[in-house]
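Structure file final.csv; described as CSV, C-alpha atoms and all ligand atoms.
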chain,number,residue,atom,x,y,z
A,81,MET,CA,171.5,65.2,145.1
A,82,LYS,CA,172.7,67.6,147.9
A,83,ILE,CA,170.1,70.1,149.0
A,84,PRO,CA,171.0,72.7,151.6
A,85,PHE,CA,168.3,74.0,154.0
A,86,VAL,CA,169.0,77.6,152.7
A,87,ASP,CA,171.2,78.6,149.8
A,88,LEU,CA,172.4,82.2,150.0
A,89,LYS,CA,175.3,81.7,147.5
A,90,THR,CA,173.1,81.0,144.5
A,91,GLN,CA,171.0,84.1,145.3
A,92,TYR,CA,174.2,86.2,145.5
A,93,ARG,CA,175.4,84.9,142.1
A,94,SER,CA,172.0,86.0,140.6
A,95,ILE,CA,172.3,89.6,141.8
A,96,GLN,CA,176.1,89.9,142.2
A,97,ALA,CA,176.5,93.0,140.0
A,98,GLU,CA,173.9,95.0,141.9
A,99,VAL,CA,175.1,94.0,145.3
A,100,ASP,CA,178.7,94.5,144.5
A,101,ALA,CA,178.0,98.0,143.1
A,102,ALA,CA,176.0,98.9,146.3
A,103,ILE,CA,178.9,97.7,148.5
A,104,ARG,CA,181.5,99.6,146.4
A,105,ASP,CA,179.5,102.8,146.6
A,106,VAL,CA,179.4,102.7,150.4
A,107,VAL,CA,183.1,101.8,150.7
A,108,GLU,CA,184.4,104.3,148.1
A,109,ASN,CA,182.4,107.1,149.8
A,110,THR,CA,183.5,105.8,153.3
A,111,ALA,CA,179.9,106.4,154.3
A,112,PHE,CA,179.6,103.7,156.9
A,113,ILE,CA,177.3,105.2,159.5
A,114,GLU,CA,173.9,106.7,158.8
A,115,GLY,CA,173.6,109.0,155.9
A,116,PRO,CA,171.5,109.2,152.7
A,117,ARG,CA,172.0,105.5,151.8
A,118,LEU,CA,170.4,104.4,155.0
A,119,GLU,CA,167.6,106.9,154.6
A,120,ALA,CA,167.0,105.6,151.0
A,121,PHE,CA,166.6,102.1,152.2
A,122,GLU,CA,164.3,103.2,155.1
A,123,LYS,CA,162.1,105.1,152.6
A,124,ASP,CA,161.9,102.2,150.2
A,125,PHE,CA,161.2,99.6,152.8
A,126,ALA,CA,158.5,101.8,154.5
A,127,ALA,CA,156.9,102.1,151.0
A,128,PHE,CA,157.1,98.4,150.4
A,129,CYS,CA,155.2,97.8,153.7
A,130,ARG,CA,152.8,100.6,152.8
A,131,ALA,CA,153.7,102.4,156.0
A,132,SER,CA,154.9,105.9,156.7
A,133,HIS,CA,158.2,105.2,158.5
A,134,CYS,CA,161.0,102.7,158.8
A,135,ALA,CA,163.9,103.0,161.2
A,136,GLY,CA,166.9,100.8,160.5
A,137,VAL,CA,168.4,99.2,163.6
A,138,GLY,CA,171.0,96.6,164.4
A,139,SER,CA,168.9,93.4,164.3
A,140,GLY,CA,165.3,92.1,164.6
A,141,THR,CA,165.9,91.7,168.3
A,142,ASP,CA,166.8,95.4,168.6
A,143,ALA,CA,163.7,96.3,166.6
A,144,LEU,CA,161.4,94.3,169.0
A,145,TYR,CA,163.1,95.8,172.0
A,146,LEU,CA,163.1,99.4,170.7
A,147,ALA,CA,159.5,99.2,169.6
A,148,LEU,CA,158.4,98.0,173.0
A,149,LYS,CA,160.4,100.8,174.7
A,150,ALA,CA,158.9,103.3,172.3
A,151,MET,CA,155.4,102.1,173.2
A,152,GLY,CA,156.2,102.7,176.9
A,153,VAL,CA,156.5,99.0,178.0
A,154,GLY,CA,158.5,98.8,181.2
A,155,PRO,CA,158.8,97.4,184.7
A,156,GLY,CA,155.7,95.7,186.1
A,157,ASP,CA,154.0,95.4,182.7
A,158,GLU,CA,152.9,92.1,181.1
A,159,VAL,CA,153.0,91.5,177.4
A,160,ILE,CA,150.9,88.7,175.9
A,161,THR,CA,152.7,86.7,173.2
A,162,VAL,CA,153.3,83.1,172.1
A,163,SER,CA,155.8,80.5,173.3
A,164,HIS,CA,155.9,79.0,169.8
A,165,THR,CA,158.5,81.4,168.4
A,166,TYR,CA,162.2,82.2,168.3
A,167,ILE,CA,163.3,83.2,171.8
A,168,ALA,CA,164.1,86.8,170.8
A,169,THR,CA,160.4,87.7,170.9
A,170,ALA,CA,160.2,87.0,174.6
A,171,GLU,CA,163.7,88.2,175.3
A,172,ALA,CA,162.8,91.7,174.0
A,173,ILE,CA,159.9,91.8,176.5
A,174,SER,CA,162.2,90.7,179.3
A,175,PHE,CA,165.0,93.1,178.4
A,176,ALA,CA,162.4,95.9,178.4
A,177,SER,CA,161.9,94.9,182.1
A,178,ALA,CA,158.4,93.5,181.4
A,179,THR,CA,157.1,89.9,181.7
A,180,PRO,CA,156.0,87.7,178.8
A,181,VAL,CA,152.7,86.0,179.2
A,182,PHE,CA,152.2,83.1,176.8
A,183,VAL,CA,149.0,82.0,175.1
A,184,ASP,CA,148.6,78.8,173.2
A,185,ILE,CA,148.5,78.6,169.4
A,186,GLU,CA,145.9,77.5,166.8
A,187,SER,CA,146.6,73.9,166.0
A,188,ASP,CA,146.4,74.3,162.2
A,189,THR,CA,148.3,77.5,161.5
A,190,MET,CA,150.5,77.3,164.7
A,191,LEU,CA,150.0,81.1,165.1
A,192,MET,CA,148.7,82.9,168.2
A,193,ASP,CA,145.2,81.8,169.1
A,194,ALA,CA,143.5,85.2,169.4
A,195,ARG,CA,140.5,83.6,171.2
A,196,ARG,CA,142.8,82.9,174.1
A,197,ILE,CA,144.0,86.5,174.6
A,198,GLU,CA,141.1,87.9,176.8
A,199,ALA,CA,141.6,85.2,179.4
A,200,ALA,CA,145.2,86.1,179.7
A,201,ILE,CA,144.6,89.8,180.3
A,202,THR,CA,145.3,91.1,183.8
A,203,SER,CA,145.5,94.6,185.4
A,204,ARG,CA,149.2,94.6,184.4
A,205,THR,CA,148.7,93.8,180.7
A,206,LYS,CA,150.2,96.5,178.6
A,207,ALA,CA,150.5,95.0,175.1
A,208,ILE,CA,149.9,92.1,172.8
A,209,LEU,CA,152.8,90.8,170.6
A,210,PRO,CA,151.6,88.4,167.9
A,211,VAL,CA,154.3,86.6,165.9
A,212,HIS,CA,153.7,86.2,162.1
A,213,LEU,CA,155.5,82.9,162.3
A,214,TYR,CA,156.7,81.0,159.2
A,215,GLY,CA,155.5,83.9,157.0
A,216,GLN,CA,151.8,84.0,157.7
A,217,LEU,CA,150.1,86.9,159.4
A,218,ALA,CA,148.3,86.1,162.7
A,219,ASP,CA,144.6,86.9,163.2
A,220,MET,CA,145.3,90.6,163.4
A,221,ASP,CA,141.6,91.7,163.2
A,222,THR,CA,140.7,89.9,166.4
A,223,VAL,CA,144.0,91.0,168.1
A,224,LEU,CA,143.3,94.7,167.2
A,225,ASP,CA,139.6,94.4,168.3
A,226,ILE,CA,140.6,93.1,171.7
A,227,ALA,CA,143.4,95.7,172.0
A,228,LYS,CA,141.0,98.5,171.2
A,229,LYS,CA,138.3,97.2,173.6
A,230,ARG,CA,140.8,96.7,176.5
A,231,GLY,CA,143.1,99.7,175.9
A,232,LEU,CA,146.2,97.6,175.0
A,233,LEU,CA,149.1,98.3,172.6
A,234,VAL,CA,150.0,96.0,169.8
A,235,LEU,CA,153.4,95.1,168.3
A,236,GLU,CA,153.8,92.6,165.5
A,237,ASP,CA,156.9,90.4,165.2
A,238,CYS,CA,157.3,90.4,161.5
A,239,ALA,CA,160.8,88.9,161.4
A,240,GLN,CA,159.6,86.0,159.1
A,241,ALA,CA,156.8,87.8,157.2
A,242,HIS,CA,158.1,90.4,154.8
A,243,ALA,CA,155.5,90.9,152.1
A,244,ALA,CA,152.9,88.7,153.8
A,245,GLU,CA,149.3,90.0,153.5
A,246,LEU,CA,145.9,89.7,155.3
A,247,GLY,CA,142.9,90.9,153.3
A,248,GLY,CA,145.3,92.7,151.0
A,249,ARG,CA,147.0,94.6,153.9
A,250,ARG,CA,150.6,94.3,154.9
A,251,SER,CA,152.3,94.7,158.3
A,252,PRO,CA,152.1,96.8,160.3
A,253,ILE,CA,148.4,96.2,160.3
A,254,GLY,CA,148.4,97.7,163.7
A,255,PRO,CA,150.6,100.7,164.5
A,256,VAL,CA,154.0,99.1,164.6
A,257,ALA,CA,155.9,96.0,163.4
A,258,ALA,CA,159.5,94.8,164.0
A,259,PHE,CA,161.4,93.2,161.1
A,260,SER,CA,164.6,91.2,161.0
A,261,PHE,CA,167.0,91.2,158.1
A,262,TYR,CA,169.1,88.3,159.4
A,263,PRO,CA,170.8,86.8,156.3
A,264,GLY,CA,168.4,83.8,156.0
A,265,LYS,CA,165.2,85.9,156.4
A,266,ASN,CA,163.1,86.6,153.3
A,267,LEU,CA,164.9,89.9,152.9
A,268,GLY,CA,168.3,89.3,154.3
A,269,ALA,CA,171.4,91.5,154.9
A,270,TYR,CA,175.0,90.3,154.8
A,271,GLY,CA,175.2,90.4,158.6
A,272,ASP,CA,172.8,91.5,161.3
A,273,ALA,CA,170.1,94.1,160.6
A,274,GLY,CA,166.5,94.9,161.6
A,275,GLY,CA,163.9,97.6,161.2
A,276,VAL,CA,161.0,99.2,163.1
A,277,VAL,CA,158.2,100.0,160.6
A,278,THR,CA,155.4,102.2,161.9
A,279,HIS,CA,152.5,104.5,161.0
A,280,ASP,CA,153.1,106.5,164.2
A,281,PRO,CA,155.6,109.4,163.9
A,282,ALA,CA,156.2,109.5,167.7
A,283,ILE,CA,157.3,105.9,167.7
A,284,HIS,CA,159.6,106.5,164.7
A,285,ARG,CA,161.1,109.6,166.3
A,286,TYR,CA,161.8,107.7,169.6
A,287,VAL,CA,163.5,104.8,167.8
A,288,THR,CA,165.6,107.0,165.6
A,289,GLU,CA,166.8,108.9,168.6
A,290,ILE,CA,167.4,106.0,171.0
A,291,ARG,CA,169.2,103.9,168.4
A,292,ASN,CA,171.8,106.7,168.1
A,293,HIS,CA,172.6,107.7,171.7
A,294,GLY,CA,169.5,109.9,172.2
A,295,ARG,CA,170.7,112.3,169.6
A,296,GLU,CA,168.2,114.4,167.8
A,297,LYS,CA,168.7,115.0,164.1
A,298,LYS,CA,171.8,117.0,163.1
A,299,ALA,CA,173.0,118.2,166.6
A,300,LYS,CA,176.2,116.1,166.8
A,301,TYR,CA,177.3,116.1,170.4
A,302,GLU,CA,174.0,117.1,171.9
A,303,HIS,CA,172.0,114.3,173.6
A,304,ALA,CA,168.4,115.1,174.4
A,305,ARG,CA,167.9,111.9,176.3
A,306,LEU,CA,169.7,108.6,177.1
A,307,GLY,CA,169.8,106.2,174.2
A,308,PHE,CA,172.2,103.5,173.1
A,309,GLY,CA,174.0,102.1,170.0
A,310,PHE,CA,171.3,100.2,168.0
A,311,ARG,CA,172.1,101.5,164.5
A,312,MET,CA,171.9,99.6,161.3
A,313,ASP,CA,175.2,99.6,159.3
A,314,THR,CA,175.0,101.7,156.2
A,315,LEU,CA,176.7,98.8,154.3
A,316,GLN,CA,173.8,96.6,155.3
A,317,ALA,CA,171.2,99.2,154.3
A,318,ALA,CA,172.8,99.5,150.8
A,319,ILE,CA,172.8,95.7,150.3
A,320,LEU,CA,169.2,95.5,151.5
A,321,ARG,CA,168.2,98.3,149.1
A,322,ALA,CA,169.8,96.5,146.2
A,323,LYS,CA,167.9,93.3,147.1
A,324,LEU,CA,164.5,94.8,147.9
A,325,PRO,CA,163.4,95.1,144.2
A,326,HIS,CA,163.7,91.3,144.0
A,327,LEU,CA,161.6,90.5,147.0
A,328,GLU,CA,158.3,90.2,145.2
A,329,ASP,CA,159.7,87.7,142.7
A,330,TRP,CA,161.4,85.8,145.5
A,331,THR,CA,158.2,85.7,147.4
A,332,GLU,CA,156.3,84.3,144.5
A,333,LYS,CA,158.9,81.6,144.0
A,334,ARG,CA,158.6,80.6,147.6
A,335,ARG,CA,154.9,80.3,147.2
A,336,ALA,CA,155.3,78.2,144.1
A,337,HIS,CA,157.7,75.8,145.9
A,338,ALA,CA,155.2,75.6,148.8
A,339,ARG,CA,152.3,74.7,146.3
A,340,HIS,CA,154.6,72.1,144.7
A,341,TYR,CA,155.5,70.5,148.1
A,342,SER,CA,151.9,70.6,149.2
A,343,GLU,CA,150.6,68.9,146.0
A,344,ARG,CA,153.0,66.0,146.4
A,345,LEU,CA,153.0,65.5,150.1
A,346,LYS,CA,149.2,65.8,150.7
A,347,GLY,CA,148.0,62.9,152.8
A,348,VAL,CA,151.6,61.9,153.7
A,349,VAL,CA,152.5,64.5,156.3
A,350,GLU,CA,150.5,67.3,157.9
A,351,LEU,CA,151.0,70.3,155.6
A,352,PRO,CA,151.2,74.0,156.5
A,353,VAL,CA,147.8,75.7,156.4
A,354,GLU,CA,147.3,79.0,154.5
A,355,ARG,CA,144.1,80.6,155.7
A,356,PRO,CA,141.8,82.2,153.1
A,357,GLY,CA,142.5,85.8,152.5
A,358,ARG,CA,146.1,85.5,153.7
A,359,ARG,CA,149.3,85.6,151.6
A,360,HIS,CA,151.7,83.2,153.3
A,361,VAL,CA,155.3,84.1,152.3
A,362,PHE,CA,156.8,80.7,153.4
A,363,HIS,CA,159.9,81.9,155.2
A,364,ILE,CA,159.7,78.3,156.5
A,365,TYR,CA,157.8,75.3,155.1
A,366,PRO,CA,157.1,73.2,158.2
A,367,VAL,CA,155.4,69.8,158.0
A,368,ARG,CA,154.3,67.7,160.9
A,369,THR,CA,154.6,64.0,161.5
A,370,ASP,CA,154.9,61.6,164.4
A,371,GLN,CA,158.1,60.4,162.9
A,372,SER,CA,159.8,63.7,162.5
A,373,SER,CA,163.2,62.7,163.9
A,374,ALA,CA,163.4,59.5,161.9
A,375,LEU,CA,162.3,61.4,158.7
A,376,ARG,CA,164.9,64.0,159.4
A,377,ALA,CA,167.7,61.3,159.7
A,378,HIS,CA,166.4,59.7,156.5
A,379,LEU,CA,166.5,63.0,154.6
A,380,GLU,CA,169.9,63.8,156.0
A,381,SER,CA,171.3,60.5,154.7
A,382,SER,CA,169.8,61.4,151.2
A,383,GLY,CA,171.7,64.7,151.2
A,384,VAL,CA,168.6,66.8,152.2
A,385,SER,CA,169.2,69.3,155.0
A,386,THR,CA,166.2,70.0,157.2
A,387,ASN,CA,165.6,71.9,160.4
A,388,CYS,CA,163.1,72.3,163.3
A,389,HIS,CA,161.4,75.6,164.1
A,390,TYR,CA,161.4,75.3,167.1
A,391,PRO,CA,162.4,72.2,169.1
A,392,ILE,CA,161.9,73.7,172.6
A,393,PRO,CA,159.1,76.2,173.4
A,394,VAL,CA,160.2,79.4,175.0
A,395,HIS,CA,158.3,78.7,178.3
A,396,LEU,CA,160.3,75.4,178.7
A,397,GLN,CA,163.7,77.0,178.0
A,398,PRO,CA,166.2,76.9,180.9
A,399,ALA,CA,166.5,80.7,180.4
A,400,TYR,CA,162.9,81.1,181.4
A,401,ALA,CA,162.8,78.6,184.3
A,402,SER,CA,162.3,81.6,186.6
A,403,LEU,CA,158.8,82.1,185.1
A,404,GLY,CA,157.9,78.8,186.7
A,405,ILE,CA,155.7,77.7,183.8
A,406,LYS,CA,155.3,73.9,183.9
A,407,ARG,CA,155.1,71.4,181.0
A,408,GLY,CA,151.5,71.0,180.2
A,409,ALA,CA,150.7,74.7,180.5
A,410,LEU,CA,150.5,75.1,176.7
A,411,PRO,CA,149.5,71.7,175.3
A,412,ILE,CA,149.1,72.7,171.6
A,413,THR,CA,152.5,74.5,171.6
A,414,GLU,CA,154.2,71.5,173.3
A,415,THR,CA,152.8,68.8,171.1
A,416,CYS,CA,153.4,70.6,167.8
A,417,THR,CA,157.0,71.2,168.7
A,418,GLU,CA,157.7,67.5,169.0
A,419,ARG,CA,156.3,66.7,165.5
A,420,LEU,CA,157.8,69.5,163.4
A,421,LEU,CA,160.2,69.3,160.5
A,422,SER,CA,161.1,72.3,158.2
A,423,LEU,CA,161.9,71.3,154.6
A,424,PRO,CA,164.4,73.2,152.5
A,425,MET,CA,162.8,76.5,151.4
A,426,TYR,CA,164.4,79.4,149.5
A,427,PRO,CA,163.6,81.1,146.2
A,428,ASP,CA,166.4,79.5,144.2
A,429,LEU,CA,165.2,76.0,144.8
A,430,THR,CA,164.5,74.3,141.4
A,431,PRO,CA,161.4,72.2,140.8
A,432,ASP,CA,163.8,69.2,140.4
A,433,GLN,CA,165.1,69.8,143.9
A,434,VAL,CA,161.6,70.0,145.3
A,435,ASP,CA,160.7,66.8,143.5
A,436,TYR,CA,163.8,65.1,144.9
A,437,VAL,CA,162.9,66.1,148.5
A,438,CYS,CA,159.3,64.9,148.0
A,439,ASP,CA,160.6,61.6,146.5
A,440,ARG,CA,162.7,61.0,149.5
A,441,VAL,CA,159.8,61.9,151.9
A,442,LEU,CA,157.5,59.5,150.0
A,443,ALA,CA,160.1,56.8,150.0
A,444,PHE,CA,160.5,57.1,153.8
A,445,PHE,CA,156.8,56.4,154.2
A,446,GLY,CA,156.9,53.6,151.6
A,447,ARG,CA,154.8,55.5,149.1
A,448,LYS,CA,155.1,55.9,145.4
A,449,GLY,CA,155.1,59.4,143.9
B,1,LIG,C1,164.8,86.0,163.4
B,1,LIG,C2,163.8,86.3,164.4
B,1,LIG,C3,163.9,87.3,165.4
B,1,LIG,C4,165.2,88.0,165.7
B,1,LIG,O1,165.8,88.6,164.6
B,1,LIG,P1,167.4,88.9,164.7
B,1,LIG,O2,167.6,89.7,163.5
B,1,LIG,O3,168.0,87.5,164.5
B,1,LIG,O4,167.7,89.5,165.9
B,1,LIG,C5,162.8,87.5,166.2
B,1,LIG,N1,161.6,86.9,166.0
B,1,LIG,C6,161.5,85.9,165.1
B,1,LIG,C7,160.1,85.2,165.0
B,1,LIG,C8,162.5,85.6,164.3
B,1,LIG,O5,162.4,84.6,163.3
Could you render the structure as structure tokens?
Ligand SMILES: *Cc1c(COP(=O)(O)O)cnc(C)c1O
Amino acid sequence: MKIPFVDLKTQYRSIQAEVDAAIRDVVENTAFIEGPRLEAFEKDFAAFCRASHCAGVGSGTDALYLALKAMGVGPGDEVITVSHTYIATAEAISFASATPVFVDIESDTMLMDARRIEAAITSRTKAILPVHLYGQLADMDTVLDIAKKRGLLVLEDCAQAHAAELGGRRSPIGPVAAFSFYPGKNLGAYGDAGGVVTHDPAIHRYVTEIRNHGREKKAKYEHARLGFGFRMDTLQAAILRAKLPHLEDWTEKRRAHARHYSERLKGVVELPVERPGRRHVFHIYPVRTDQSSALRAHLESSGVSTNCHYPIPVHLQPAYASLGIKRGALPITETCTERLLSLPMYPDLTPDQVDYVCDRVLAFFGRKG
């Protein structure tokens, strides 16, 4: 059996009529930039997040960057985040001319360890940027308590956590969250796209102006301030709007596959942990084992594609050598990285496919199902 890591083609087949109609509508109206179709998606996605505003932008990286700029993060500022993430989290901080400061993660959830934040605060700290990695919300109550007490701003990296919940609340649990709609994300476009979702009208206004060359609504060649080109394509907005009504169903399917994996692989590999009161949306299903690379090769030879999220922590990337952070600085981050393996995860997996992956994992460890 051949099982890809992600299968976007099967998903497209299941919603082809709706997506094709949405694409045709944009093309036939030659409405490629901004317009009511973009606004309709922004309205729908804001409602989905139970927030007041969503601004569509070019990518999740753009969303992180623009949200930081909107919050006033700039030269000399430090932003506390994690090294166990996709590099874009830290890059957005660096491109906003600020410095990322990394705290270690919780060993079970692999999310920001909020108990480590206070020790990382300096006179330059401006904001905290937790990452809701793999699809589970970080400990936002502690993050927001510390932020309030210490006068810091909070931005959530929600690139992997559409529809995730904590105590029944969705992101942004704080004032603002950055989403990615990269094709493989839980809600994916057919190209690059992202969104800044916020409860704060001032942040929304800043992002909608800056993404479009500092233009205020309607005045075409009048530029109130300097902006840039960070717009979301209307074609992507239309595709995302056609897909959004399916996201709840897709999320439940991911959760069912995760339960299935966890039932069969319990005691064989270290499983992802879902904390009580949280709704994990399993963008990724990461297991941990000391034999991750041998297991990966074994699965590959059985037709099962796997991945590793992420093999090199951000603080050890050559691109961040200038920060001068040595190996050993973030021990939990560094050891979990070496032991990770992400198993195939997407809504259209069948129970047979999950069973096949589990059979192959059990066979590798010489166990019977
Ligand atoms: C995907 C991702 C991003 C970047 O999103 P793009 O749309 O690819 O720019 C940022 N942070 C995390 C955690 C991600 O997974």
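Using only C-alpha atoms for every distance, the candidate list A:Asp124, A:Asp237, A:Asp313, A:Asp329 yields A:Asp313 as the residue closest to Gly138 in chain A.
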Contacts between range 153-177 of chain A and range 301-413 of chain A, please, where a residue of range 301-413 of chain A counts if it comes within 6 Å (with all atoms listed in the file); show its shortest atom pair and distance in Å to one decimal, rows by chain and ascending number, as JSON lines.
{"residue": "A:Pro393", "atom": "CA", "partner": "A:Ser163", "partner_atom": "CA", "distance": 5.4}
{"residue": "A:Val394", "atom": "CA", "partner": "A:Ser163", "partner_atom": "CA", "distance": 4.8}
{"residue": "A:His395", "atom": "CA", "partner": "A:Ser163", "partner_atom": "CA", "distance": 5.9}
{"residue": "A:Thr413", "atom": "CA", "partner": "A:His164", "partner_atom": "CA", "distance": 5.9}
Exercise for review: Determine, counting only C-alpha atoms, which protein, DNA and RNA residues have an atom within 8 Å of an atom of Leu118 in chain A; residues of the same chain fewer than 5 positions away are not included. Present the result as an MDAnalysis selection string.
Suggested key: chainID A and resid 136 314 317:318
Point to revise | Given all atoms listed in the file as the counted atoms, nearest of A:Glu289, A:Asp428, A:Asp188, A:Asp87 to Arg311 in chain A | key: A:Glu289
Review point. Which chains and residue numbers are within 6 Å of ligand LIG 1 (chain B), counting only C-alpha atoms and all ligand atoms, if I want them as a PyMOL selection string?
Key: chain A and resi 139-141+165-166+168-169+213+237+239-240+260-262+272-274
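In this structure, CA of Arg368 in chain A sits 6.8 Å away from CA of Leu351 in chain A.
Comparing A:Arg305, A:Arg196, A:Arg117, A:His340 by their smallest distance to Val287 in chain A, the closest is A:Arg305 (using all atoms listed in the file).
Nearest residue to Arg230 in chain A, choosing from A:Ile253, A:Glu198, A:His212, A:Phe445 and counting only C-alpha atoms: A:Glu198.
Pairwise distance (CA of Ile197 in chain A, CA of Leu146 in chain A) equals 23.4 Å.
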Point to revise | Contacts of Asp435 in chain A within 10 Å, all atoms listed in the file, excl. fewer than 6 positions in-chain, as a PyMOL selection string | key: chain A and resi 337+340-341+344+441+449
Revision key, fill the gap. Closest of A:Gly408, A:Pro255, A:Pro366, A:Pro424 to Glu354 in chain A, counting all atoms listed in the file, is A:Pro366
Do you know which residues are at most 7 Å from range 418-422 of chain A counting only C-alpha atoms, after dropping those on the same chain fewer than 6 positions away, and could you put them as a compact mmCIF listing (two decimals) with C-alpha atoms, keeping the file's coordinate frame?
# COMPACT_ATOMS: atom_id res chain seq x y z
CA ILE A 364 159.70 78.30 156.50
CA TYR A 365 157.80 75.30 155.10
CA PRO A 366 157.10 73.20 158.20
CA VAL A 367 155.40 69.80 158.00
CA ARG A 368 154.30 67.70 160.90
CA THR A 369 154.60 64.00 161.50
CA ASP A 370 154.90 61.60 164.40
CA SER A 372 159.80 63.70 162.50
CA THR A 386 166.20 70.00 157.20
CA ASN A 387 165.60 71.90 160.40
CA CYS A 388 163.10 72.30 163.30
CA HIS A 389 161.40 75.60 164.10
CA PRO A 391 162.40 72.20 169.10
